[in-house]
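Structure data follow from model-v9.txt (compact mmCIF, N, CA and C atoms and all ligand atoms):
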```
# COMPACT_ATOMS: atom_id res chain seq x y z
N MET A 1 130.76 -77.16 34.82
CA MET A 1 129.47 -76.51 34.54
C MET A 1 128.39 -77.58 34.39
N SER A 2 127.40 -77.49 35.15
CA SER A 2 126.32 -78.47 35.07
C SER A 2 125.04 -77.79 34.59
N THR A 3 124.42 -78.47 33.63
CA THR A 3 123.18 -77.90 33.11
C THR A 3 122.00 -78.76 33.54
N VAL A 4 121.44 -78.38 34.60
CA VAL A 4 120.27 -79.12 35.09
C VAL A 4 119.01 -78.36 34.72
N ALA A 5 118.27 -78.99 33.84
CA ALA A 5 117.05 -78.32 33.39
C ALA A 5 115.83 -78.93 34.09
N PRO A 6 115.32 -78.21 35.02
CA PRO A 6 114.11 -78.71 35.70
C PRO A 6 112.91 -78.71 34.75
N GLY A 7 112.44 -79.90 34.45
CA GLY A 7 111.29 -79.99 33.54
C GLY A 7 110.02 -79.52 34.23
N PRO A 8 109.12 -79.18 33.41
CA PRO A 8 107.82 -78.75 33.96
C PRO A 8 107.09 -79.90 34.62
N THR A 9 106.64 -79.67 35.78
CA THR A 9 105.93 -80.72 36.51
C THR A 9 104.45 -80.38 36.58
N GLU A 10 103.81 -80.67 35.50
CA GLU A 10 102.36 -80.43 35.49
C GLU A 10 101.63 -81.74 35.72
N SER A 11 100.92 -81.76 36.78
CA SER A 11 100.17 -82.97 37.09
C SER A 11 98.70 -82.77 36.72
N GLU A 12 98.27 -83.59 35.76
CA GLU A 12 96.88 -83.47 35.35
C GLU A 12 95.98 -84.22 36.33
N PRO A 13 94.93 -83.59 36.70
CA PRO A 13 94.00 -84.28 37.61
C PRO A 13 93.34 -85.47 36.93
N VAL A 14 93.28 -86.55 37.67
CA VAL A 14 92.67 -87.76 37.13
C VAL A 14 91.15 -87.65 37.23
N VAL A 15 90.54 -87.68 36.06
CA VAL A 15 89.09 -87.58 36.04
C VAL A 15 88.49 -88.98 35.89
N PRO A 16 87.75 -89.40 36.87
CA PRO A 16 87.14 -90.73 36.77
C PRO A 16 86.04 -90.74 35.70
N VAL A 17 85.99 -91.83 35.00
CA VAL A 17 84.97 -91.96 33.97
C VAL A 17 83.62 -92.21 34.64
N ALA A 18 82.71 -91.35 34.32
CA ALA A 18 81.41 -91.45 34.96
C ALA A 18 80.47 -92.34 34.16
N GLY A 19 79.63 -93.00 34.89
CA GLY A 19 78.60 -93.81 34.24
C GLY A 19 79.14 -95.00 33.49
N GLU A 20 80.21 -95.57 34.00
CA GLU A 20 80.80 -96.69 33.28
C GLU A 20 80.28 -98.02 33.77
N SER A 21 80.20 -98.15 35.07
CA SER A 21 79.89 -99.48 35.59
C SER A 21 78.65 -99.48 36.47
N LEU A 22 77.87 -98.44 36.34
CA LEU A 22 76.68 -98.40 37.19
C LEU A 22 75.57 -99.25 36.60
N ALA A 23 75.14 -98.88 35.43
CA ALA A 23 74.05 -99.62 34.82
C ALA A 23 74.13 -99.48 33.32
N ARG A 24 73.74 -100.52 32.67
CA ARG A 24 73.73 -100.49 31.21
C ARG A 24 72.30 -100.70 30.74
N LYS A 25 72.08 -100.32 29.50
CA LYS A 25 70.75 -100.52 28.94
C LYS A 25 70.84 -101.63 27.91
N CYS A 26 70.01 -102.61 28.10
CA CYS A 26 70.04 -103.76 27.21
C CYS A 26 69.65 -103.32 25.79
N LEU A 27 70.43 -103.79 24.85
CA LEU A 27 70.21 -103.38 23.47
C LEU A 27 68.91 -103.98 22.93
N ARG A 28 68.50 -105.07 23.50
CA ARG A 28 67.34 -105.75 22.96
C ARG A 28 66.05 -105.36 23.67
N CYS A 29 66.04 -105.55 24.98
CA CYS A 29 64.79 -105.30 25.70
C CYS A 29 64.73 -103.91 26.31
N GLY A 30 65.88 -103.21 26.32
CA GLY A 30 65.87 -101.83 26.76
C GLY A 30 65.85 -101.66 28.27
N LEU A 31 65.96 -102.74 28.98
CA LEU A 31 65.96 -102.65 30.43
C LEU A 31 67.32 -102.24 30.95
N ALA A 32 67.31 -101.49 32.03
CA ALA A 32 68.57 -101.15 32.69
C ALA A 32 68.97 -102.32 33.57
N TYR A 33 70.25 -102.65 33.49
CA TYR A 33 70.72 -103.81 34.24
C TYR A 33 72.14 -103.58 34.70
N ALA A 34 72.56 -104.42 35.61
CA ALA A 34 73.94 -104.35 36.08
C ALA A 34 74.78 -105.30 35.25
N PRO A 35 75.78 -104.79 34.57
CA PRO A 35 76.60 -105.63 33.69
C PRO A 35 77.22 -106.81 34.43
N GLY A 36 77.54 -106.61 35.68
CA GLY A 36 78.18 -107.68 36.43
C GLY A 36 77.27 -108.87 36.65
N LYS A 37 75.97 -108.64 36.53
CA LYS A 37 75.04 -109.73 36.78
C LYS A 37 74.47 -110.30 35.50
N SER A 38 74.92 -109.77 34.39
CA SER A 38 74.42 -110.26 33.12
C SER A 38 74.97 -111.65 32.84
N THR A 39 74.12 -112.49 32.31
CA THR A 39 74.56 -113.85 31.97
C THR A 39 75.05 -113.92 30.54
N SER A 40 75.00 -112.78 29.86
CA SER A 40 75.43 -112.77 28.47
C SER A 40 76.94 -112.65 28.39
N ALA A 41 77.50 -113.20 27.34
CA ALA A 41 78.93 -113.02 27.11
C ALA A 41 79.20 -111.56 26.78
N LEU A 42 78.22 -110.92 26.15
CA LEU A 42 78.32 -109.49 25.87
C LEU A 42 77.56 -108.74 26.96
N ARG A 43 78.10 -108.83 28.14
CA ARG A 43 77.36 -108.30 29.29
C ARG A 43 77.23 -106.79 29.26
N LEU A 44 78.04 -106.15 28.43
CA LEU A 44 77.91 -104.69 28.32
C LEU A 44 76.87 -104.31 27.28
N THR A 45 76.32 -105.31 26.62
CA THR A 45 75.35 -105.04 25.57
C THR A 45 73.98 -105.60 25.89
N TYR A 46 73.98 -106.80 26.41
CA TYR A 46 72.70 -107.45 26.70
C TYR A 46 72.59 -107.77 28.18
N CYS A 47 71.33 -107.75 28.64
CA CYS A 47 71.10 -107.97 30.07
C CYS A 47 71.21 -109.43 30.41
N SER A 48 71.01 -110.27 29.44
CA SER A 48 71.04 -111.70 29.74
C SER A 48 71.40 -112.49 28.51
N PHE A 49 71.66 -113.73 28.76
CA PHE A 49 72.01 -114.66 27.69
C PHE A 49 70.88 -114.76 26.67
N LEU A 50 69.66 -114.72 27.17
CA LEU A 50 68.52 -114.87 26.28
C LEU A 50 68.38 -113.68 25.34
N CYS A 51 68.67 -112.49 25.83
CA CYS A 51 68.58 -111.31 24.97
C CYS A 51 69.68 -111.36 23.91
N GLU A 52 70.83 -111.80 24.29
CA GLU A 52 71.94 -111.93 23.34
C GLU A 52 71.56 -112.93 22.26
N LEU A 53 71.03 -114.05 22.72
CA LEU A 53 70.67 -115.11 21.79
C LEU A 53 69.54 -114.66 20.88
N GLY A 54 68.57 -113.97 21.48
CA GLY A 54 67.40 -113.56 20.70
C GLY A 54 67.71 -112.45 19.71
N HIS A 55 68.64 -111.59 20.06
CA HIS A 55 68.95 -110.46 19.21
C HIS A 55 69.92 -110.84 18.10
N LEU A 56 70.92 -111.62 18.45
CA LEU A 56 71.92 -111.98 17.46
C LEU A 56 71.50 -113.18 16.62
N GLY A 57 70.66 -113.99 17.25
CA GLY A 57 70.29 -115.23 16.57
C GLY A 57 71.23 -116.36 16.94
N PHE A 58 72.29 -115.99 17.64
CA PHE A 58 73.22 -116.99 18.14
C PHE A 58 73.87 -116.42 19.38
N SER A 59 74.62 -117.23 20.07
CA SER A 59 75.28 -116.75 21.28
C SER A 59 76.79 -116.79 21.08
N ILE A 60 77.43 -115.79 21.64
CA ILE A 60 78.88 -115.72 21.53
C ILE A 60 79.51 -116.93 22.21
N THR A 61 78.94 -117.30 23.33
CA THR A 61 79.47 -118.46 24.04
C THR A 61 79.32 -119.70 23.18
N GLY A 62 78.23 -119.76 22.46
CA GLY A 62 78.03 -120.90 21.59
C GLY A 62 79.07 -120.95 20.49
N LEU A 63 79.43 -119.79 19.98
CA LEU A 63 80.45 -119.74 18.93
C LEU A 63 81.80 -120.18 19.46
N GLU A 64 82.07 -119.79 20.69
CA GLU A 64 83.37 -120.14 21.25
C GLU A 64 83.51 -121.65 21.41
N HIS A 65 82.39 -122.27 21.69
CA HIS A 65 82.45 -123.72 21.95
C HIS A 65 82.05 -124.52 20.71
N MET A 66 81.84 -123.78 19.64
CA MET A 66 81.40 -124.49 18.45
C MET A 66 82.55 -125.31 17.87
N GLU A 67 82.23 -126.49 17.48
CA GLU A 67 83.23 -127.35 16.90
C GLU A 67 82.74 -127.86 15.56
N ARG A 68 83.67 -128.06 14.71
CA ARG A 68 83.30 -128.62 13.41
C ARG A 68 82.98 -130.10 13.59
N VAL A 69 81.81 -130.41 13.15
CA VAL A 69 81.42 -131.81 13.26
C VAL A 69 82.02 -132.56 12.07
N PRO A 70 82.86 -133.50 12.40
CA PRO A 70 83.50 -134.25 11.31
C PRO A 70 82.46 -135.06 10.54
N LYS A 71 82.55 -134.93 9.28
CA LYS A 71 81.63 -135.69 8.44
C LYS A 71 81.98 -137.16 8.47
N ALA A 72 80.98 -137.92 8.63
CA ALA A 72 81.22 -139.36 8.63
C ALA A 72 81.51 -139.81 7.20
N GLU A 73 82.68 -140.37 7.08
CA GLU A 73 83.07 -140.81 5.74
C GLU A 73 82.27 -142.04 5.34
N VAL A 74 81.46 -141.82 4.38
CA VAL A 74 80.68 -142.95 3.90
C VAL A 74 81.43 -143.64 2.77
N PRO A 75 81.82 -144.84 3.00
CA PRO A 75 82.58 -145.55 1.95
C PRO A 75 81.72 -145.75 0.71
N ALA A 76 82.37 -145.52 -0.41
CA ALA A 76 81.64 -145.68 -1.66
C ALA A 76 81.16 -147.11 -1.81
N ASP A 77 79.97 -147.16 -2.23
CA ASP A 77 79.40 -148.49 -2.36
C ASP A 77 79.94 -149.16 -3.61
N GLU A 78 80.82 -150.09 -3.37
CA GLU A 78 81.45 -150.74 -4.51
C GLU A 78 80.70 -152.01 -4.86
N GLY A 79 80.60 -152.21 -6.06
CA GLY A 79 80.00 -153.45 -6.53
C GLY A 79 78.50 -153.25 -6.55
ZN ZN A 101 67.60 -107.65 27.72
```
This structure in structure tokens:
Amino acid sequence: MSTVAPGPTESEPVVPVAGESLARKCLRCGLAYAPGKSTSALRLTYCSFLCELGHLGFSITGLEHMERVPKAEVPADEG
């Protein structure tokens, strides 16, 4: 005796996400821009590096490359 249970084969239609990669609106200057051409690290938020820098006060790229500057050890002045 074999019990073969054919499962339900419901195929959901794939709905493409609309308005994802066409154009974005810059959070700072409000201009519509193409994310692919944005020079900002947050290209989905700002139209350019300058808007990112101007709005945040710093740049994400700058943070990534930021390094701790070693303090120069100043020897105690003896004598
Ligand atoms: Zn902008």
Would you mind listing what lies within 6.5 Å of range 27-40 of chain A as a PyMOL selection string, with only N, CA and C atoms counted and same-chain residues fewer than 3 positions away left out? chain A and resi 21-24+43-52+55
Judged by all atoms listed in the file, the minimum distance to ligand ZN 101 (chain A) among A:Val74, A:Lys25, A:Leu42, A:Val4 is found for A:Lys25
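Across A:Cys26, A:Leu53, A:Ser11, A:Ala72, the tightest approach to ligand ZN 101 (chain A) is made by A:Cys26 when counting all atoms listed in the file.
Closest approach to ligand ZN 101 (chain A) from the set A:Gly54, A:Ser59, A:Asp77, A:Pro70 is made by A:Gly54, with distances taken over only C-alpha atoms and all ligand atoms.
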Atomic separation - CA of Lys71 in chain A relative to atom C of Gly57 in chain A, Å: 23.5 Å
Distance of atom ZN of ligand ZN 101 (chain A) from CA of Ile60 in chain A, expressed in Å to one decimal place: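 These two atoms are separated by 15.2 Å.
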Have a look at atom ZN of ligand ZN 101 (chain A) and CA of Glu67 in chain A and let me know their distance in Å, one decimal. 27.4 Å
Centre and size of axis-aligned box enclosing range 21-27 of chain A plus 5 Å each side, as AutoDock Vina command-line options:
```
--center_x 74.6 --center_y -101.1 --center_z 30.1 --size_x 21.3 --size_y 15.8 --size_z 24.3
```
Calculated over only C-alpha atoms and all ligand atoms, which of the candidates A:Thr3, A:Leu56, A:Arg68, A:Glu78 has the smallest distance to ligand ZN 101 (chain A)? A:Leu56
